[in-house]
Amino acid sequence: MDLDNELIKQTLSGKEDAFEKIVDKYKGYIFAIILKFIKDHNEAENIAQEVFLQIYISLPEYKFDNFKGWIGRIAANKSIDWKRKKKAKFKEQVMENTEIVIDRVGLSDFKTPEDILIEKEKQQKIRKVCKSIPDIYENAIIKFYFEEKSYEEIAKEEGTTEKTIASRLYRGRNLLREKWREESDETL
């Protein structure tokens, strides 16, 4: 780590070739972090450039403690920001497309207040039935369906794998269907 600190000090004193050495040393590490979040190789390259720019800009605030961890957090945060922006852009596009469809179809496809109430009551009933299944399945179902979290997000929160979460969701849905039938003679 003494080499890192020396390169940082040289960069802060204006030696650009010192920062190039930092980039060369950590580009693989940064790229690997970004690829864990973003599977698109080209986008990962673009984000890696943003990460190194952010490192360069933020270097005066660095406290000379765990440089690798510090730049890793910058890479993770930039990746998360990119995913959020992409998700927001996707939602905007969906909303625009929805508005176009609504304009074409007219207001006849909108839900009535009664439909909305029935749907809300059904969701409340599903939540109630969820309480009757084991917690590990209930948690997975609530996080996936009601909180709209991905398998990856749930796995991180639960400290397990995505396959385990998929299995819990599968088993939880089956248990939920059985409990639903028992309570209401309806199919879910």
# chains A, B, ... in the order shown; residues from 1 in each chain; ligands from 1
$ closest_atom_pairs --of "stretch 126-169 of chain A" --to "stretch 174-185 of chain A" --cutoff "8 Å" --atoms "only C-alpha atoms" --output "JSON lines"
{"residue": "A:Ile126", "atom": "CA", "partner": "A:Trp180", "partner_atom": "CA", "distance": 7.9}
{"residue": "A:Val129", "atom": "CA", "partner": "A:Lys179", "partner_atom": "CA", "distance": 6.6}
{"residue": "A:Cys130", "atom": "CA", "partner": "A:Leu176", "partner_atom": "CA", "distance": 6.5}
{"residue": "A:Ser132", "atom": "CA", "partner": "A:Lys179", "partner_atom": "CA", "distance": 7.6}
{"residue": "A:Ile133", "atom": "CA", "partner": "A:Leu175", "partner_atom": "CA", "distance": 6.7}
$ closest_residue --among "A:Ile141, A:Ile118, A:Ile33, A:Leu12" --to "A:Tyr56" --atoms "only C-alpha atoms"
A:Leu12
$ closest_atom_pairs --of "stretch 4-105 of chain A" --to "stretch 145-166 of chain A" --cutoff "12 Å" --atoms "only C-alpha atoms" --output "JSON lines"
{"residue": "A:Lys36", "atom": "CA", "partner": "A:Glu152", "partner_atom": "CA", "distance": 10.8}
{"residue": "A:Phe37", "atom": "CA", "partner": "A:Glu152", "partner_atom": "CA", "distance": 10.0}
{"residue": "A:Ile80", "atom": "CA", "partner": "A:Glu153", "partner_atom": "CA", "distance": 11.9}
$ write_last_selection --atoms "C-alpha atoms" --output "PDB file, in the first residue's frame"
ATOM      1  CA  LYS A  36     -20.936  -7.521 -11.310  1.00  0.00           C
ATOM      2  CA  PHE A  37     -23.584  -4.806 -11.534  1.00  0.00           C
ATOM      3  CA  ILE A  80     -25.665   1.576  -8.884  1.00  0.00           C
TER       4      ILE A  80
END
$ select_by_dssp --residues "chain A" --states "alpha helix (DSSP H)" --output "ChimeraX atom specification"
/A:2-12,16-37,41-58,67-105,113-130,135-141,151-158,162-184
$ write_last_selection --atoms "C-alpha atoms" --output "short mmCIF file (atom, residue, chain, number, x, y, z; two decimals), in the first residue's frame"
data_model
loop_
_atom_site.label_atom_id
_atom_site.label_comp_id
_atom_site.auth_asym_id
_atom_site.auth_seq_id
_atom_site.Cartn_x
_atom_site.Cartn_y
_atom_site.Cartn_z
CA ASP A 2 3.01 2.34 0.39
CA LEU A 3 3.30 2.41 -3.41
CA ASP A 4 -0.34 3.51 -3.65
CA ASN A 5 0.21 6.30 -1.13
CA GLU A 6 3.31 7.44 -2.98
CA LEU A 7 1.47 7.44 -6.32
CA ILE A 8 -1.42 9.37 -4.75
CA LYS A 9 0.95 12.00 -3.33
CA GLN A 10 2.68 12.32 -6.70
CA THR A 11 -0.70 12.70 -8.45
CA LEU A 12 -1.76 15.36 -5.98
CA GLU A 16 0.00 12.88 -14.30
CA ASP A 17 2.04 9.77 -15.04
CA ALA A 18 1.54 8.73 -11.39
CA PHE A 19 -2.24 8.65 -11.90
CA GLU A 20 -1.75 6.62 -15.08
CA LYS A 21 0.08 4.05 -12.95
CA ILE A 22 -2.86 3.96 -10.54
CA VAL A 23 -5.23 3.43 -13.47
CA ASP A 24 -3.06 0.64 -14.89
CA LYS A 25 -2.81 -1.06 -11.50
CA TYR A 26 -6.54 -0.97 -10.68
CA LYS A 27 -8.36 -1.00 -14.04
CA GLY A 28 -9.01 -4.76 -13.86
CA TYR A 29 -10.27 -4.51 -10.29
CA ILE A 30 -12.60 -1.60 -11.11
CA PHE A 31 -13.85 -3.28 -14.27
CA ALA A 32 -14.64 -6.50 -12.36
CA ILE A 33 -16.71 -4.60 -9.80
CA ILE A 34 -18.67 -2.79 -12.50
CA LEU A 35 -19.32 -6.02 -14.42
CA LYS A 36 -20.94 -7.52 -11.31
CA PHE A 37 -23.58 -4.81 -11.53
CA HIS A 41 -19.20 -4.81 -21.55
CA ASN A 42 -19.40 -1.50 -23.48
CA GLU A 43 -21.38 0.23 -20.74
CA ALA A 44 -18.95 -1.13 -18.15
CA GLU A 45 -16.08 0.50 -20.05
CA ASN A 46 -17.90 3.84 -20.07
CA ILE A 47 -18.61 3.61 -16.36
CA ALA A 48 -14.99 2.64 -15.66
CA GLN A 49 -13.90 5.90 -17.31
CA GLU A 50 -16.37 7.80 -15.11
CA VAL A 51 -15.04 5.98 -12.04
CA PHE A 52 -11.44 6.95 -12.74
CA LEU A 53 -12.49 10.53 -13.44
CA GLN A 54 -14.33 10.56 -10.09
CA ILE A 55 -11.29 9.07 -8.34
CA TYR A 56 -9.08 11.78 -9.85
CA ILE A 57 -11.50 14.53 -8.82
CA SER A 58 -12.00 13.12 -5.31
CA PHE A 67 -7.33 2.96 -1.11
CA LYS A 68 -8.53 -0.23 -2.78
CA GLY A 69 -11.72 -0.24 -0.69
CA TRP A 70 -12.26 3.46 -1.34
CA ILE A 71 -12.04 3.13 -5.12
CA GLY A 72 -14.15 -0.04 -4.96
CA ARG A 73 -16.95 1.91 -3.27
CA ILE A 74 -16.72 4.61 -5.94
CA ALA A 75 -17.03 1.93 -8.65
CA ALA A 76 -19.98 0.27 -6.92
CA ASN A 77 -21.76 3.61 -6.38
CA LYS A 78 -21.26 4.67 -10.02
CA SER A 79 -22.63 1.29 -11.15
CA ILE A 80 -25.66 1.58 -8.88
CA ASP A 81 -26.30 5.13 -10.11
CA TRP A 82 -26.15 3.91 -13.72
CA LYS A 83 -28.65 1.14 -12.98
CA ARG A 84 -31.01 3.60 -11.27
CA LYS A 85 -30.83 5.99 -14.21
CA LYS A 86 -31.47 3.15 -16.64
CA LYS A 87 -34.44 1.97 -14.59
CA ALA A 88 -35.85 5.52 -14.42
CA LYS A 89 -35.39 5.94 -18.17
CA PHE A 90 -37.16 2.63 -18.77
CA LYS A 91 -40.08 3.72 -16.56
CA GLU A 92 -40.30 7.01 -18.50
CA GLN A 93 -40.43 5.11 -21.78
CA VAL A 94 -43.11 2.78 -20.42
CA MET A 95 -45.14 5.77 -19.24
CA GLU A 96 -44.78 7.46 -22.64
CA ASN A 97 -45.85 4.26 -24.41
CA THR A 98 -48.74 3.87 -21.97
CA GLU A 99 -49.90 7.42 -22.70
CA ILE A 100 -49.79 6.68 -26.44
CA VAL A 101 -51.83 3.51 -25.95
CA ILE A 102 -54.32 5.34 -23.73
CA ASP A 103 -54.72 8.03 -26.39
CA ARG A 104 -55.40 5.35 -29.01
CA VAL A 105 -57.71 3.21 -26.91
CA PRO A 113 -62.83 2.93 -8.46
CA GLU A 114 -64.59 -0.38 -7.72
CA ASP A 115 -61.92 -2.32 -9.67
CA ILE A 116 -59.17 -0.53 -7.76
CA LEU A 117 -60.89 -1.28 -4.43
CA ILE A 118 -61.33 -4.97 -5.31
CA GLU A 119 -57.67 -5.20 -6.34
CA LYS A 120 -56.57 -3.52 -3.11
CA GLU A 121 -58.72 -5.88 -1.03
CA LYS A 122 -57.26 -8.86 -2.87
CA GLN A 123 -53.71 -7.62 -2.12
CA GLN A 124 -54.60 -7.24 1.56
CA LYS A 125 -56.00 -10.76 1.57
CA ILE A 126 -52.82 -12.08 -0.07
CA ARG A 127 -50.73 -10.36 2.61
CA LYS A 128 -52.95 -11.93 5.29
CA VAL A 129 -52.56 -15.40 3.76
CA CYS A 130 -48.78 -14.79 3.51
CA ASP A 135 -41.30 -16.67 7.41
CA ILE A 136 -38.56 -17.47 4.87
CA TYR A 137 -41.17 -17.91 2.13
CA GLU A 138 -43.29 -14.98 3.30
CA ASN A 139 -40.27 -12.65 3.30
CA ALA A 140 -39.23 -13.71 -0.20
CA ILE A 141 -42.76 -13.23 -1.57
CA TYR A 151 -33.58 -11.93 -6.84
CA GLU A 152 -30.12 -10.39 -6.47
CA GLU A 153 -31.30 -7.69 -4.04
CA ILE A 154 -33.22 -10.19 -1.91
CA ALA A 155 -30.28 -12.62 -1.88
CA LYS A 156 -27.96 -9.87 -0.62
CA GLU A 157 -30.41 -8.87 2.11
CA GLU A 158 -30.97 -12.46 3.18
CA GLU A 162 -30.19 -16.09 -6.00
CA LYS A 163 -30.98 -19.79 -6.58
CA THR A 164 -32.08 -20.10 -2.96
CA ILE A 165 -34.35 -17.08 -3.39
CA ALA A 166 -35.82 -18.59 -6.59
CA SER A 167 -36.47 -21.82 -4.69
CA ARG A 168 -38.10 -19.97 -1.78
CA LEU A 169 -40.33 -18.04 -4.18
CA TYR A 170 -41.38 -21.23 -5.96
CA ARG A 171 -42.17 -23.05 -2.72
CA GLY A 172 -43.77 -19.95 -1.21
CA ARG A 173 -46.10 -19.51 -4.20
CA ASN A 174 -47.17 -23.14 -3.93
CA LEU A 175 -47.84 -22.82 -0.20
CA LEU A 176 -49.68 -19.56 -0.81
CA ARG A 177 -51.91 -21.19 -3.43
CA GLU A 178 -52.79 -24.01 -1.02
CA LYS A 179 -53.60 -21.62 1.83
CA TRP A 180 -55.61 -19.41 -0.51
CA ARG A 181 -57.76 -22.35 -1.63
CA GLU A 182 -58.28 -23.48 1.96
CA GLU A 183 -59.45 -20.04 3.06
CA SER A 184 -61.60 -18.95 0.16
#
$ decode --residues "stretch 27-167 of chain A" --atoms "C-alpha atoms" --output "PDB file, in the first residue's frame"
ATOM      1  CA  LYS A  27      -8.359  -1.003 -14.039  1.00  0.00           C
ATOM      2  CA  GLY A  28      -9.006  -4.760 -13.865  1.00  0.00           C
ATOM      3  CA  TYR A  29     -10.269  -4.508 -10.294  1.00  0.00           C
ATOM      4  CA  ILE A  30     -12.602  -1.600 -11.108  1.00  0.00           C
ATOM      5  CA  PHE A  31     -13.855  -3.280 -14.267  1.00  0.00           C
ATOM      6  CA  ALA A  32     -14.637  -6.498 -12.363  1.00  0.00           C
ATOM      7  CA  ILE A  33     -16.712  -4.596  -9.798  1.00  0.00           C
ATOM      8  CA  ILE A  34     -18.665  -2.789 -12.504  1.00  0.00           C
ATOM      9  CA  LEU A  35     -19.320  -6.020 -14.421  1.00  0.00           C
ATOM     10  CA  LYS A  36     -20.936  -7.521 -11.310  1.00  0.00           C
ATOM     11  CA  PHE A  37     -23.584  -4.806 -11.534  1.00  0.00           C
ATOM     12  CA  ILE A  38     -23.752  -4.230 -15.272  1.00  0.00           C
ATOM     13  CA  LYS A  39     -23.455  -7.116 -17.680  1.00  0.00           C
ATOM     14  CA  ASP A  40     -22.941  -4.926 -20.769  1.00  0.00           C
ATOM     15  CA  HIS A  41     -19.203  -4.809 -21.551  1.00  0.00           C
ATOM     16  CA  ASN A  42     -19.397  -1.497 -23.476  1.00  0.00           C
ATOM     17  CA  GLU A  43     -21.384   0.232 -20.743  1.00  0.00           C
ATOM     18  CA  ALA A  44     -18.949  -1.133 -18.151  1.00  0.00           C
ATOM     19  CA  GLU A  45     -16.077   0.495 -20.051  1.00  0.00           C
ATOM     20  CA  ASN A  46     -17.900   3.837 -20.075  1.00  0.00           C
ATOM     21  CA  ILE A  47     -18.609   3.608 -16.365  1.00  0.00           C
ATOM     22  CA  ALA A  48     -14.985   2.640 -15.656  1.00  0.00           C
ATOM     23  CA  GLN A  49     -13.904   5.900 -17.309  1.00  0.00           C
ATOM     24  CA  GLU A  50     -16.373   7.796 -15.115  1.00  0.00           C
ATOM     25  CA  VAL A  51     -15.043   5.977 -12.040  1.00  0.00           C
ATOM     26  CA  PHE A  52     -11.439   6.953 -12.742  1.00  0.00           C
ATOM     27  CA  LEU A  53     -12.495  10.525 -13.435  1.00  0.00           C
ATOM     28  CA  GLN A  54     -14.332  10.557 -10.093  1.00  0.00           C
ATOM     29  CA  ILE A  55     -11.287   9.068  -8.344  1.00  0.00           C
ATOM     30  CA  TYR A  56      -9.084  11.775  -9.846  1.00  0.00           C
ATOM     31  CA  ILE A  57     -11.502  14.535  -8.825  1.00  0.00           C
ATOM     32  CA  SER A  58     -12.002  13.116  -5.311  1.00  0.00           C
ATOM     33  CA  LEU A  59      -8.359  12.290  -4.641  1.00  0.00           C
ATOM     34  CA  PRO A  60      -7.755  15.463  -2.544  1.00  0.00           C
ATOM     35  CA  GLU A  61     -10.424  14.219  -0.070  1.00  0.00           C
ATOM     36  CA  TYR A  62      -8.889  10.727   0.237  1.00  0.00           C
ATOM     37  CA  LYS A  63      -7.819   9.996   3.857  1.00  0.00           C
ATOM     38  CA  PHE A  64      -4.971   7.570   3.030  1.00  0.00           C
ATOM     39  CA  ASP A  65      -6.845   4.622   4.485  1.00  0.00           C
ATOM     40  CA  ASN A  66      -7.668   1.520   2.390  1.00  0.00           C
ATOM     41  CA  PHE A  67      -7.325   2.959  -1.109  1.00  0.00           C
ATOM     42  CA  LYS A  68      -8.530  -0.227  -2.779  1.00  0.00           C
ATOM     43  CA  GLY A  69     -11.720  -0.243  -0.692  1.00  0.00           C
ATOM     44  CA  TRP A  70     -12.261   3.457  -1.338  1.00  0.00           C
ATOM     45  CA  ILE A  71     -12.043   3.134  -5.119  1.00  0.00           C
ATOM     46  CA  GLY A  72     -14.146  -0.037  -4.962  1.00  0.00           C
ATOM     47  CA  ARG A  73     -16.947   1.911  -3.274  1.00  0.00           C
ATOM     48  CA  ILE A  74     -16.724   4.608  -5.940  1.00  0.00           C
ATOM     49  CA  ALA A  75     -17.029   1.927  -8.651  1.00  0.00           C
ATOM     50  CA  ALA A  76     -19.983   0.271  -6.918  1.00  0.00           C
ATOM     51  CA  ASN A  77     -21.756   3.606  -6.377  1.00  0.00           C
ATOM     52  CA  LYS A  78     -21.255   4.671 -10.016  1.00  0.00           C
ATOM     53  CA  SER A  79     -22.629   1.294 -11.150  1.00  0.00           C
ATOM     54  CA  ILE A  80     -25.665   1.576  -8.884  1.00  0.00           C
ATOM     55  CA  ASP A  81     -26.299   5.132 -10.114  1.00  0.00           C
ATOM     56  CA  TRP A  82     -26.147   3.913 -13.720  1.00  0.00           C
ATOM     57  CA  LYS A  83     -28.653   1.135 -12.977  1.00  0.00           C
ATOM     58  CA  ARG A  84     -31.011   3.603 -11.270  1.00  0.00           C
ATOM     59  CA  LYS A  85     -30.831   5.988 -14.214  1.00  0.00           C
ATOM     60  CA  LYS A  86     -31.466   3.151 -16.637  1.00  0.00           C
ATOM     61  CA  LYS A  87     -34.442   1.966 -14.587  1.00  0.00           C
ATOM     62  CA  ALA A  88     -35.849   5.524 -14.422  1.00  0.00           C
ATOM     63  CA  LYS A  89     -35.393   5.944 -18.172  1.00  0.00           C
ATOM     64  CA  PHE A  90     -37.160   2.626 -18.769  1.00  0.00           C
ATOM     65  CA  LYS A  91     -40.079   3.724 -16.561  1.00  0.00           C
ATOM     66  CA  GLU A  92     -40.305   7.006 -18.500  1.00  0.00           C
ATOM     67  CA  GLN A  93     -40.430   5.106 -21.783  1.00  0.00           C
ATOM     68  CA  VAL A  94     -43.107   2.782 -20.421  1.00  0.00           C
ATOM     69  CA  MET A  95     -45.142   5.766 -19.244  1.00  0.00           C
ATOM     70  CA  GLU A  96     -44.781   7.462 -22.640  1.00  0.00           C
ATOM     71  CA  ASN A  97     -45.851   4.263 -24.406  1.00  0.00           C
ATOM     72  CA  THR A  98     -48.737   3.868 -21.966  1.00  0.00           C
ATOM     73  CA  GLU A  99     -49.897   7.417 -22.698  1.00  0.00           C
ATOM     74  CA  ILE A 100     -49.786   6.683 -26.445  1.00  0.00           C
ATOM     75  CA  VAL A 101     -51.832   3.508 -25.946  1.00  0.00           C
ATOM     76  CA  ILE A 102     -54.322   5.343 -23.732  1.00  0.00           C
ATOM     77  CA  ASP A 103     -54.718   8.029 -26.392  1.00  0.00           C
ATOM     78  CA  ARG A 104     -55.397   5.354 -29.006  1.00  0.00           C
ATOM     79  CA  VAL A 105     -57.707   3.211 -26.910  1.00  0.00           C
ATOM     80  CA  GLY A 106     -59.533   5.920 -25.012  1.00  0.00           C
ATOM     81  CA  LEU A 107     -60.668   5.924 -21.421  1.00  0.00           C
ATOM     82  CA  SER A 108     -62.664   2.677 -21.614  1.00  0.00           C
ATOM     83  CA  ASP A 109     -59.679   0.597 -20.420  1.00  0.00           C
ATOM     84  CA  PHE A 110     -59.172   2.539 -17.208  1.00  0.00           C
ATOM     85  CA  LYS A 111     -60.006   0.795 -13.958  1.00  0.00           C
ATOM     86  CA  THR A 112     -63.064   1.995 -12.146  1.00  0.00           C
ATOM     87  CA  PRO A 113     -62.834   2.927  -8.460  1.00  0.00           C
ATOM     88  CA  GLU A 114     -64.586  -0.378  -7.723  1.00  0.00           C
ATOM     89  CA  ASP A 115     -61.924  -2.321  -9.670  1.00  0.00           C
ATOM     90  CA  ILE A 116     -59.170  -0.528  -7.764  1.00  0.00           C
ATOM     91  CA  LEU A 117     -60.885  -1.282  -4.433  1.00  0.00           C
ATOM     92  CA  ILE A 118     -61.332  -4.967  -5.307  1.00  0.00           C
ATOM     93  CA  GLU A 119     -57.674  -5.202  -6.342  1.00  0.00           C
ATOM     94  CA  LYS A 120     -56.572  -3.516  -3.107  1.00  0.00           C
ATOM     95  CA  GLU A 121     -58.717  -5.876  -1.027  1.00  0.00           C
ATOM     96  CA  LYS A 122     -57.256  -8.860  -2.866  1.00  0.00           C
ATOM     97  CA  GLN A 123     -53.709  -7.620  -2.125  1.00  0.00           C
ATOM     98  CA  GLN A 124     -54.603  -7.244   1.560  1.00  0.00           C
ATOM     99  CA  LYS A 125     -55.999 -10.761   1.575  1.00  0.00           C
ATOM    100  CA  ILE A 126     -52.817 -12.082  -0.074  1.00  0.00           C
ATOM    101  CA  ARG A 127     -50.734 -10.363   2.613  1.00  0.00           C
ATOM    102  CA  LYS A 128     -52.949 -11.935   5.292  1.00  0.00           C
ATOM    103  CA  VAL A 129     -52.563 -15.404   3.756  1.00  0.00           C
ATOM    104  CA  CYS A 130     -48.781 -14.791   3.513  1.00  0.00           C
ATOM    105  CA  LYS A 131     -48.711 -14.556   7.312  1.00  0.00           C
ATOM    106  CA  SER A 132     -49.777 -18.198   7.500  1.00  0.00           C
ATOM    107  CA  ILE A 133     -46.753 -19.583   5.614  1.00  0.00           C
ATOM    108  CA  PRO A 134     -43.205 -19.939   7.034  1.00  0.00           C
ATOM    109  CA  ASP A 135     -41.295 -16.667   7.405  1.00  0.00           C
ATOM    110  CA  ILE A 136     -38.558 -17.469   4.867  1.00  0.00           C
ATOM    111  CA  TYR A 137     -41.168 -17.908   2.133  1.00  0.00           C
ATOM    112  CA  GLU A 138     -43.292 -14.985   3.297  1.00  0.00           C
ATOM    113  CA  ASN A 139     -40.270 -12.646   3.297  1.00  0.00           C
ATOM    114  CA  ALA A 140     -39.229 -13.706  -0.199  1.00  0.00           C
ATOM    115  CA  ILE A 141     -42.757 -13.234  -1.573  1.00  0.00           C
ATOM    116  CA  ILE A 142     -43.269  -9.834   0.048  1.00  0.00           C
ATOM    117  CA  LYS A 143     -39.868  -8.543  -1.060  1.00  0.00           C
ATOM    118  CA  PHE A 144     -40.296  -9.810  -4.636  1.00  0.00           C
ATOM    119  CA  TYR A 145     -43.950  -9.047  -5.321  1.00  0.00           C
ATOM    120  CA  PHE A 146     -44.812  -6.155  -3.032  1.00  0.00           C
ATOM    121  CA  GLU A 147     -41.467  -4.370  -2.670  1.00  0.00           C
ATOM    122  CA  GLU A 148     -40.513  -5.249  -6.273  1.00  0.00           C
ATOM    123  CA  LYS A 149     -36.958  -6.281  -5.400  1.00  0.00           C
ATOM    124  CA  SER A 150     -34.868  -8.456  -7.701  1.00  0.00           C
ATOM    125  CA  TYR A 151     -33.580 -11.934  -6.837  1.00  0.00           C
ATOM    126  CA  GLU A 152     -30.125 -10.386  -6.474  1.00  0.00           C
ATOM    127  CA  GLU A 153     -31.295  -7.687  -4.036  1.00  0.00           C
ATOM    128  CA  ILE A 154     -33.216 -10.187  -1.906  1.00  0.00           C
ATOM    129  CA  ALA A 155     -30.280 -12.620  -1.880  1.00  0.00           C
ATOM    130  CA  LYS A 156     -27.962  -9.872  -0.621  1.00  0.00           C
ATOM    131  CA  GLU A 157     -30.411  -8.866   2.109  1.00  0.00           C
ATOM    132  CA  GLU A 158     -30.969 -12.464   3.176  1.00  0.00           C
ATOM    133  CA  GLY A 159     -27.283 -13.390   2.924  1.00  0.00           C
ATOM    134  CA  THR A 160     -27.921 -16.247   0.499  1.00  0.00           C
ATOM    135  CA  THR A 161     -27.817 -17.069  -3.217  1.00  0.00           C
ATOM    136  CA  GLU A 162     -30.194 -16.089  -6.003  1.00  0.00           C
ATOM    137  CA  LYS A 163     -30.976 -19.791  -6.580  1.00  0.00           C
ATOM    138  CA  THR A 164     -32.081 -20.098  -2.961  1.00  0.00           C
ATOM    139  CA  ILE A 165     -34.355 -17.082  -3.393  1.00  0.00           C
ATOM    140  CA  ALA A 166     -35.821 -18.588  -6.587  1.00  0.00           C
ATOM    141  CA  SER A 167     -36.475 -21.821  -4.693  1.00  0.00           C
TER     142      SER A 167
END
